[in-house]
>>> print(open('work.txt').read())   # compact mmCIF, N, CA and C atoms
# COMPACT_ATOMS: atom_id res chain seq x y z
N MET S 1 62.93 91.28 150.34
CA MET S 1 62.99 90.82 151.71
C MET S 1 62.01 91.59 152.57
N ARG S 2 61.96 92.89 152.33
CA ARG S 2 61.07 93.72 153.15
C ARG S 2 59.64 93.25 153.00
N GLU S 3 59.20 92.97 151.77
CA GLU S 3 57.82 92.53 151.55
C GLU S 3 57.54 91.22 152.27
N LEU S 4 58.48 90.29 152.21
CA LEU S 4 58.30 89.00 152.87
C LEU S 4 58.22 89.17 154.39
N CYS S 5 59.12 89.95 154.95
CA CYS S 5 59.11 90.18 156.40
C CYS S 5 57.84 90.91 156.84
N ASP S 6 57.45 91.91 156.09
CA ASP S 6 56.24 92.67 156.44
C ASP S 6 54.98 91.80 156.36
N LEU S 7 54.92 90.92 155.37
CA LEU S 7 53.79 90.01 155.24
C LEU S 7 53.61 89.19 156.52
N HIS S 8 54.68 88.61 156.99
CA HIS S 8 54.61 87.79 158.20
C HIS S 8 54.34 88.64 159.43
N ALA S 9 54.97 89.78 159.54
CA ALA S 9 54.79 90.63 160.72
C ALA S 9 53.35 91.14 160.81
N ARG S 10 52.72 91.42 159.68
CA ARG S 10 51.31 91.86 159.72
C ARG S 10 50.40 90.76 160.23
N ARG S 11 50.70 89.53 159.87
CA ARG S 11 49.83 88.42 160.24
C ARG S 11 50.05 87.92 161.66
N ASP S 12 51.29 88.00 162.16
CA ASP S 12 51.60 87.53 163.51
C ASP S 12 52.79 88.32 164.05
N PRO S 13 52.54 89.55 164.51
CA PRO S 13 53.65 90.40 164.95
C PRO S 13 54.41 89.86 166.16
N GLU S 14 53.75 89.12 167.04
CA GLU S 14 54.47 88.59 168.19
C GLU S 14 55.54 87.58 167.76
N ARG S 15 55.29 86.84 166.72
CA ARG S 15 56.25 85.83 166.26
C ARG S 15 57.21 86.39 165.22
N PHE S 16 56.74 87.26 164.35
CA PHE S 16 57.52 87.61 163.17
C PHE S 16 57.98 89.07 163.10
N GLN S 17 57.85 89.83 164.17
CA GLN S 17 58.40 91.18 164.11
C GLN S 17 59.91 91.08 163.95
N VAL S 18 60.45 91.78 162.99
CA VAL S 18 61.89 91.72 162.73
C VAL S 18 62.57 92.99 163.22
N ARG S 19 63.87 92.92 163.30
CA ARG S 19 64.67 94.06 163.72
C ARG S 19 64.60 95.17 162.66
N ALA S 20 64.81 96.38 163.10
CA ALA S 20 64.75 97.52 162.19
C ALA S 20 65.81 97.42 161.09
N ASP S 21 66.93 96.78 161.39
CA ASP S 21 68.02 96.68 160.42
C ASP S 21 67.98 95.38 159.61
N ILE S 22 66.79 94.81 159.43
CA ILE S 22 66.66 93.52 158.77
C ILE S 22 67.28 93.52 157.37
N LEU S 23 67.11 94.59 156.62
CA LEU S 23 67.65 94.61 155.27
C LEU S 23 69.18 94.63 155.29
N ASP S 24 69.77 95.33 156.25
CA ASP S 24 71.23 95.31 156.39
C ASP S 24 71.71 93.91 156.76
N ARG S 25 70.98 93.24 157.63
CA ARG S 25 71.36 91.89 158.03
C ARG S 25 71.30 90.93 156.83
N TYR S 26 70.23 91.04 156.04
CA TYR S 26 70.15 90.19 154.85
C TYR S 26 71.23 90.58 153.84
N ALA S 27 71.56 91.85 153.73
CA ALA S 27 72.61 92.29 152.80
C ALA S 27 73.96 91.68 153.17
N GLN S 28 74.16 91.36 154.42
CA GLN S 28 75.39 90.69 154.85
C GLN S 28 75.27 89.17 154.72
N TRP S 29 74.10 88.64 155.01
CA TRP S 29 73.91 87.19 155.06
C TRP S 29 73.81 86.57 153.67
N LEU S 30 73.08 87.20 152.75
CA LEU S 30 72.84 86.60 151.44
C LEU S 30 74.11 86.42 150.61
N PRO S 31 75.01 87.40 150.54
CA PRO S 31 76.24 87.15 149.78
C PRO S 31 77.06 85.97 150.34
N ALA S 32 77.03 85.80 151.65
CA ALA S 32 77.72 84.65 152.25
C ALA S 32 77.07 83.35 151.82
N ARG S 33 75.75 83.34 151.65
CA ARG S 33 75.05 82.14 151.18
C ARG S 33 75.46 81.84 149.74
N ALA S 34 75.64 82.87 148.94
CA ALA S 34 76.03 82.67 147.54
C ALA S 34 77.41 82.04 147.43
N GLU S 35 78.28 82.31 148.40
CA GLU S 35 79.64 81.77 148.39
C GLU S 35 79.75 80.42 149.09
N ASP S 36 78.78 80.07 149.92
CA ASP S 36 78.84 78.87 150.74
C ASP S 36 78.36 77.66 149.94
N PRO S 37 79.23 76.66 149.73
CA PRO S 37 78.80 75.49 148.95
C PRO S 37 77.74 74.64 149.67
N ARG S 38 77.48 74.91 150.94
CA ARG S 38 76.46 74.18 151.70
C ARG S 38 75.21 75.04 151.89
N SER S 39 75.06 76.04 151.06
CA SER S 39 73.86 76.88 151.05
C SER S 39 73.26 76.86 149.66
N VAL S 40 72.00 77.27 149.60
CA VAL S 40 71.29 77.38 148.33
C VAL S 40 70.74 78.79 148.24
N LEU S 41 71.09 79.51 147.20
CA LEU S 41 70.53 80.83 146.94
C LEU S 41 70.18 80.86 145.46
N LEU S 42 68.89 80.89 145.19
CA LEU S 42 68.40 80.84 143.81
C LEU S 42 67.47 82.01 143.55
N VAL S 43 67.49 82.50 142.33
CA VAL S 43 66.57 83.57 141.95
C VAL S 43 65.78 83.16 140.72
N ALA S 44 64.59 83.72 140.60
CA ALA S 44 63.76 83.53 139.42
C ALA S 44 63.74 84.86 138.68
N THR S 45 63.86 84.78 137.36
CA THR S 45 63.82 85.99 136.54
C THR S 45 62.78 85.82 135.44
N GLU S 46 62.36 86.95 134.91
CA GLU S 46 61.47 86.94 133.75
C GLU S 46 62.34 87.02 132.50
N ASP S 47 61.97 86.29 131.47
CA ASP S 47 62.75 86.28 130.24
C ASP S 47 62.82 87.65 129.58
N THR S 48 61.81 88.46 129.78
CA THR S 48 61.74 89.72 129.04
C THR S 48 62.83 90.70 129.42
N ASP S 49 63.17 90.80 130.71
CA ASP S 49 64.17 91.81 131.11
C ASP S 49 65.17 91.30 132.15
N ALA S 50 65.12 90.02 132.49
CA ALA S 50 66.02 89.41 133.46
C ALA S 50 65.91 90.03 134.85
N ARG S 51 64.81 90.68 135.14
CA ARG S 51 64.59 91.26 136.46
C ARG S 51 64.26 90.14 137.44
N ILE S 52 64.85 90.20 138.64
CA ILE S 52 64.56 89.19 139.65
C ILE S 52 63.12 89.35 140.11
N VAL S 53 62.36 88.25 140.04
CA VAL S 53 60.95 88.28 140.45
C VAL S 53 60.66 87.35 141.61
N GLY S 54 61.68 86.58 142.02
CA GLY S 54 61.50 85.68 143.15
C GLY S 54 62.84 85.11 143.58
N PHE S 55 62.84 84.50 144.75
CA PHE S 55 64.08 83.91 145.26
C PHE S 55 63.76 82.87 146.31
N THR S 56 64.74 82.03 146.58
CA THR S 56 64.71 81.15 147.73
C THR S 56 66.13 81.06 148.29
N VAL S 57 66.20 80.88 149.59
CA VAL S 57 67.50 80.73 150.25
C VAL S 57 67.39 79.62 151.29
N GLY S 58 68.43 78.79 151.31
CA GLY S 58 68.45 77.70 152.27
C GLY S 58 69.87 77.39 152.72
N THR S 59 69.96 76.69 153.84
CA THR S 59 71.26 76.31 154.39
C THR S 59 71.19 74.88 154.90
N VAL S 60 72.34 74.29 155.09
CA VAL S 60 72.43 73.00 155.77
C VAL S 60 72.72 73.31 157.23
N GLU S 61 71.88 72.75 158.11
CA GLU S 61 71.99 73.04 159.55
C GLU S 61 72.13 71.75 160.34
N PRO S 62 72.88 71.79 161.45
CA PRO S 62 73.00 70.60 162.29
C PRO S 62 71.68 70.29 162.99
N GLU S 63 71.46 69.00 163.26
CA GLU S 63 70.27 68.56 163.97
C GLU S 63 70.66 68.27 165.42
N VAL S 64 69.68 68.31 166.30
CA VAL S 64 69.90 67.93 167.70
C VAL S 64 70.43 66.51 167.71
N PRO S 65 71.49 66.22 168.47
CA PRO S 65 72.15 64.92 168.37
C PRO S 65 71.34 63.70 168.80
N ILE S 66 70.17 63.87 169.36
CA ILE S 66 69.37 62.69 169.74
C ILE S 66 68.65 62.06 168.55
N PHE S 67 68.57 62.77 167.42
CA PHE S 67 67.86 62.25 166.26
C PHE S 67 68.81 61.53 165.32
N TRP S 68 68.25 60.69 164.48
CA TRP S 68 69.03 59.83 163.59
C TRP S 68 69.80 60.61 162.53
N ILE S 69 69.35 61.79 162.22
CA ILE S 69 69.92 62.54 161.12
C ILE S 69 70.88 63.60 161.67
N PRO S 70 72.10 63.67 161.20
CA PRO S 70 73.05 64.64 161.77
C PRO S 70 72.82 66.08 161.32
N GLU S 71 72.23 66.24 160.14
CA GLU S 71 72.00 67.58 159.59
C GLU S 71 70.85 67.52 158.61
N CYS S 72 70.31 68.67 158.30
CA CYS S 72 69.24 68.73 157.30
C CYS S 72 69.31 70.05 156.56
N GLY S 73 68.70 70.07 155.40
CA GLY S 73 68.59 71.30 154.64
C GLY S 73 67.41 72.10 155.16
N TRP S 74 67.56 73.40 155.22
CA TRP S 74 66.47 74.29 155.63
C TRP S 74 66.20 75.29 154.52
N ILE S 75 64.97 75.36 154.09
CA ILE S 75 64.56 76.46 153.21
C ILE S 75 64.08 77.56 154.13
N HIS S 76 64.84 78.62 154.19
CA HIS S 76 64.52 79.72 155.11
C HIS S 76 63.49 80.68 154.51
N ASP S 77 63.68 81.00 153.26
CA ASP S 77 62.81 81.99 152.62
C ASP S 77 62.47 81.55 151.21
N LEU S 78 61.24 81.81 150.83
CA LEU S 78 60.78 81.64 149.45
C LEU S 78 59.82 82.78 149.19
N TYR S 79 60.07 83.52 148.13
CA TYR S 79 59.19 84.65 147.83
C TYR S 79 59.17 84.91 146.33
N VAL S 80 57.97 85.16 145.82
CA VAL S 80 57.79 85.58 144.44
C VAL S 80 56.91 86.83 144.48
N LEU S 81 57.31 87.83 143.73
CA LEU S 81 56.52 89.06 143.68
C LEU S 81 55.08 88.74 143.31
N PRO S 82 54.12 89.38 143.99
CA PRO S 82 52.71 89.08 143.70
C PRO S 82 52.34 89.18 142.23
N SER S 83 52.92 90.12 141.51
CA SER S 83 52.59 90.30 140.09
C SER S 83 53.15 89.19 139.21
N HIS S 84 53.98 88.31 139.76
CA HIS S 84 54.60 87.24 138.98
C HIS S 84 54.24 85.85 139.49
N ARG S 85 53.25 85.77 140.34
CA ARG S 85 52.83 84.47 140.87
C ARG S 85 51.99 83.71 139.86
N SER S 86 51.83 82.44 140.10
CA SER S 86 51.06 81.53 139.23
C SER S 86 51.70 81.37 137.86
N ARG S 87 53.01 81.53 137.81
CA ARG S 87 53.76 81.31 136.56
C ARG S 87 54.78 80.19 136.71
N GLY S 88 54.77 79.51 137.85
CA GLY S 88 55.67 78.39 138.06
C GLY S 88 57.01 78.74 138.71
N HIS S 89 57.21 80.01 139.05
CA HIS S 89 58.49 80.41 139.63
C HIS S 89 58.76 79.73 140.97
N ALA S 90 57.78 79.75 141.87
CA ALA S 90 57.99 79.16 143.20
C ALA S 90 58.24 77.66 143.09
N THR S 91 57.49 76.99 142.24
CA THR S 91 57.69 75.55 142.06
C THR S 91 59.09 75.27 141.53
N ALA S 92 59.54 76.03 140.55
CA ALA S 92 60.88 75.84 140.00
C ALA S 92 61.95 76.11 141.05
N LEU S 93 61.76 77.14 141.85
CA LEU S 93 62.74 77.47 142.89
C LEU S 93 62.85 76.34 143.92
N VAL S 94 61.70 75.84 144.38
CA VAL S 94 61.73 74.78 145.39
C VAL S 94 62.30 73.50 144.81
N ARG S 95 61.89 73.13 143.62
CA ARG S 95 62.43 71.91 143.01
C ARG S 95 63.94 72.01 142.82
N SER S 96 64.42 73.17 142.41
CA SER S 96 65.86 73.36 142.25
C SER S 96 66.57 73.29 143.59
N ALA S 97 65.97 73.88 144.62
CA ALA S 97 66.57 73.81 145.96
C ALA S 97 66.63 72.36 146.43
N VAL S 98 65.57 71.61 146.23
CA VAL S 98 65.55 70.19 146.61
C VAL S 98 66.67 69.45 145.87
N ASP S 99 66.81 69.69 144.59
CA ASP S 99 67.87 69.03 143.81
C ASP S 99 69.25 69.38 144.36
N ARG S 100 69.45 70.63 144.72
CA ARG S 100 70.76 71.05 145.25
C ARG S 100 71.04 70.40 146.59
N PHE S 101 70.04 70.39 147.47
CA PHE S 101 70.24 69.74 148.77
C PHE S 101 70.52 68.24 148.59
N LYS S 102 69.80 67.63 147.67
CA LYS S 102 70.01 66.20 147.42
C LYS S 102 71.45 65.97 146.95
N ALA S 103 71.95 66.82 146.07
CA ALA S 103 73.32 66.69 145.58
C ALA S 103 74.34 66.88 146.71
N MET S 104 73.97 67.61 147.75
CA MET S 104 74.86 67.81 148.91
C MET S 104 74.83 66.60 149.84
N GLY S 105 73.88 65.70 149.64
CA GLY S 105 73.80 64.50 150.46
C GLY S 105 72.94 64.63 151.71
N VAL S 106 72.15 65.70 151.81
CA VAL S 106 71.28 65.80 152.98
C VAL S 106 70.10 64.85 152.83
N ALA S 107 69.64 64.32 153.96
CA ALA S 107 68.58 63.31 153.94
C ALA S 107 67.19 63.91 154.12
N GLN S 108 67.11 65.13 154.65
CA GLN S 108 65.81 65.80 154.86
C GLN S 108 65.95 67.28 154.55
N ILE S 109 64.83 67.84 154.12
CA ILE S 109 64.73 69.28 153.94
C ILE S 109 63.55 69.74 154.77
N ARG S 110 63.75 70.79 155.52
CA ARG S 110 62.71 71.32 156.39
C ARG S 110 62.45 72.78 156.09
N LEU S 111 61.32 73.25 156.56
CA LEU S 111 60.99 74.66 156.45
C LEU S 111 59.89 74.98 157.44
N HIS S 112 59.71 76.24 157.70
CA HIS S 112 58.59 76.71 158.54
C HIS S 112 57.62 77.48 157.65
N THR S 113 56.36 77.40 157.99
CA THR S 113 55.36 78.30 157.40
C THR S 113 54.56 78.89 158.56
N GLY S 114 54.06 80.09 158.38
CA GLY S 114 53.22 80.69 159.39
C GLY S 114 51.92 79.89 159.54
N ALA S 115 51.41 79.82 160.77
CA ALA S 115 50.15 79.10 161.01
C ALA S 115 49.02 79.67 160.16
N PHE S 116 49.11 80.93 159.83
CA PHE S 116 48.09 81.60 159.03
C PHE S 116 48.19 81.27 157.55
N ASN S 117 49.28 80.63 157.13
CA ASN S 117 49.58 80.51 155.70
C ASN S 117 49.17 79.14 155.14
N ASP S 118 47.87 78.91 155.06
CA ASP S 118 47.35 77.66 154.51
C ASP S 118 47.80 77.45 153.06
N ASP S 119 47.85 78.53 152.29
CA ASP S 119 48.26 78.41 150.89
C ASP S 119 49.69 77.87 150.77
N ALA S 120 50.58 78.36 151.63
CA ALA S 120 51.97 77.89 151.58
C ALA S 120 52.05 76.40 151.94
N ARG S 121 51.31 76.00 152.97
CA ARG S 121 51.35 74.58 153.35
C ARG S 121 50.81 73.70 152.22
N ALA S 122 49.75 74.12 151.58
CA ALA S 122 49.21 73.35 150.46
C ALA S 122 50.21 73.31 149.30
N PHE S 123 50.86 74.42 149.03
CA PHE S 123 51.87 74.48 147.97
C PHE S 123 53.01 73.50 148.26
N PHE S 124 53.56 73.58 149.47
CA PHE S 124 54.67 72.69 149.80
C PHE S 124 54.25 71.23 149.84
N ALA S 125 53.03 70.95 150.26
CA ALA S 125 52.53 69.58 150.27
C ALA S 125 52.50 69.02 148.84
N ARG S 126 52.11 69.84 147.88
CA ARG S 126 52.10 69.39 146.49
C ARG S 126 53.49 69.03 146.01
N LEU S 127 54.51 69.57 146.66
CA LEU S 127 55.90 69.30 146.27
C LEU S 127 56.56 68.24 147.16
N GLY S 128 55.75 67.54 147.96
CA GLY S 128 56.26 66.42 148.73
C GLY S 128 56.59 66.69 150.19
N PHE S 129 56.36 67.91 150.66
CA PHE S 129 56.60 68.21 152.07
C PHE S 129 55.37 67.81 152.88
N ARG S 130 55.57 67.54 154.16
CA ARG S 130 54.45 67.21 155.04
C ARG S 130 54.64 67.93 156.37
N THR S 131 53.55 68.15 157.07
CA THR S 131 53.63 68.72 158.41
C THR S 131 54.25 67.69 159.33
N SER S 132 55.26 68.11 160.10
CA SER S 132 55.89 67.19 161.03
C SER S 132 55.95 67.74 162.45
N VAL S 133 55.96 69.02 162.61
CA VAL S 133 56.04 69.66 163.92
C VAL S 133 55.11 70.86 163.89
N ILE S 134 54.45 71.11 164.99
CA ILE S 134 53.66 72.34 165.12
C ILE S 134 54.30 73.16 166.22
N GLU S 135 54.85 74.29 165.85
CA GLU S 135 55.48 75.18 166.82
C GLU S 135 54.40 75.92 167.58
N MET S 136 54.58 76.04 168.88
CA MET S 136 53.62 76.77 169.71
C MET S 136 54.36 77.94 170.36
N LEU S 137 53.65 79.00 170.63
CA LEU S 137 54.25 80.24 171.11
C LEU S 137 53.51 80.73 172.34
N HIS S 138 54.25 81.10 173.35
CA HIS S 138 53.71 81.74 174.54
C HIS S 138 54.58 82.97 174.80
N THR S 139 54.03 84.15 174.55
CA THR S 139 54.81 85.38 174.65
C THR S 139 54.85 85.86 176.09
N LEU S 140 56.06 86.02 176.61
CA LEU S 140 56.25 86.55 177.96
C LEU S 140 56.54 88.04 177.94
N THR S 141 57.21 88.49 176.91
CA THR S 141 57.51 89.90 176.74
C THR S 141 57.07 90.29 175.34
N PRO S 142 56.13 91.22 175.21
CA PRO S 142 55.68 91.59 173.86
C PRO S 142 56.80 92.23 173.06
N PRO S 143 56.72 92.13 171.75
CA PRO S 143 57.75 92.75 170.90
C PRO S 143 57.84 94.25 171.20
N GLN S 144 59.05 94.73 171.20
CA GLN S 144 59.30 96.15 171.47
C GLN S 144 59.87 96.79 170.22
N PRO S 145 59.46 98.02 169.94
CA PRO S 145 60.10 98.70 168.81
C PRO S 145 61.58 98.90 169.14
N GLU S 146 62.41 98.74 168.14
CA GLU S 146 63.84 98.91 168.37
C GLU S 146 64.19 100.37 168.55
N ILE S 147 65.06 100.62 169.49
CA ILE S 147 65.56 101.97 169.71
C ILE S 147 66.88 102.06 168.95
N PRO S 148 67.00 103.04 168.05
CA PRO S 148 68.23 103.15 167.26
C PRO S 148 69.44 103.37 168.15
N ASP S 149 70.54 102.77 167.75
CA ASP S 149 71.81 102.95 168.46
C ASP S 149 72.32 104.36 168.15
N THR S 150 72.52 105.17 169.15
CA THR S 150 72.95 106.57 168.93
C THR S 150 74.41 106.79 169.29
N ARG S 151 75.15 105.68 169.45
CA ARG S 151 76.58 105.86 169.79
C ARG S 151 77.33 106.51 168.70
>>> encode(input="work.txt", output="structure tokens")
Amino acid sequence: MRELCDLHARRDPERFQVRADILDRYAQWLPARAEDPRSVLLVATEDTDARIVGFTVGTVEPEVPIFWIPECGWIHDLYVLPSHRSRGHATALVRSAVDRFKAMGVAQIRLHTGAFNDDARAFFARLGFRTSVIEMLHTLTPPQPEIPDTR
């Protein structure tokens, strides 16, 4: 998680700077996803030692009520260790996530990619995703380093 968050924060800190306790937050959130039948939490492992080399996590989220679809699947995170890329792990993770969301009855799956991440958009396009919304950002208050709670 740290590598994924740092990658985004380096490329666009105004949009992707995360809280100092991000790993603690994921440590609480991910086990809940594993227990939630309306979430998807998948890992990729290498056959040699069963070490986790990648993962994806997604949830079913409600849609704004003006649209035809009441809810959609969201792929929140997809990451494969750099040393294990180009071996089909990311493709297998996304295809499995799509299959799981389909089995849940969701009609759409969505995700965000950083504007800087042309490779991710091309990857997802190969798997049937398309650009549908372009998020725009206007920063009014720059990101601030978190001050630790000293209570």
>>> residues_around(input="work.txt", residues="Ile52 in chain S", least_positions_apart="5", cutoff="8 Å", atoms="all atoms listed in the file", output="MDAnalysis selection string")
chainID S and resid 43:46 80:81
>>> closest_residue(input="work.txt", among="S:Ala115, S:Met1, S:Ile66, S:Cys72", to="Phe101 in chain S", atoms="all atoms listed in the file")
S:Cys72
>>> atom_distance(input="work.txt", atom1="CA of Ala120 in chain S", atom2="atom C of His84 in chain S")
14.7 Å
>>> atom_distance(input="work.txt", atom1="atom C of Arg110 in chain S", atom2="atom N of Phe55 in chain S")
16.3 Å
>>> closest_residue(input="work.txt", among="S:Gly114, S:Ala32, S:Gly54, S:Thr131", to="His89 in chain S", atoms="all atoms listed in the file")
S:Gly54
>>> select_by_dssp(input="work.txt", residues="chain S", states="helix (DSSP H, G or I)", output="ChimeraX atom specification")
/S:2-11,13-16,22-35,82-84,89-104,118-126
>>> atom_distance(input="work.txt", atom1="CA of Arg95 in chain S", atom2="atom N of Gly128 in chain S")
9.4 Å
>>> select_by_dssp(input="work.txt", residues="chain S", states="strand (DSSP E or B)", output="PyMOL selection string")
chain S and resi 39-45+52-62+71-80+109-111
>>> closest_atom_pairs(input="work.txt", of="range 30-100 of chain S", to="range 2-24 of chain S", cutoff="9 Å", atoms="only C-alpha atoms", output="JSON lines")
{"residue": "S:Asp77", "atom": "CA", "partner": "S:Leu4", "partner_atom": "CA", "distance": 8.3}
{"residue": "S:Leu78", "atom": "CA", "partner": "S:Leu4", "partner_atom": "CA", "distance": 8.5}
{"residue": "S:Tyr79", "atom": "CA", "partner": "S:Leu4", "partner_atom": "CA", "distance": 6.7}
{"residue": "S:Leu81", "atom": "CA", "partner": "S:Glu3", "partner_atom": "CA", "distance": 8.7}
>>> closest_residue(input="work.txt", among="S:Pro70, S:Gly58, S:Pro143, S:Pro31", to="Val94 in chain S", atoms="only C-alpha atoms")
S:Gly58
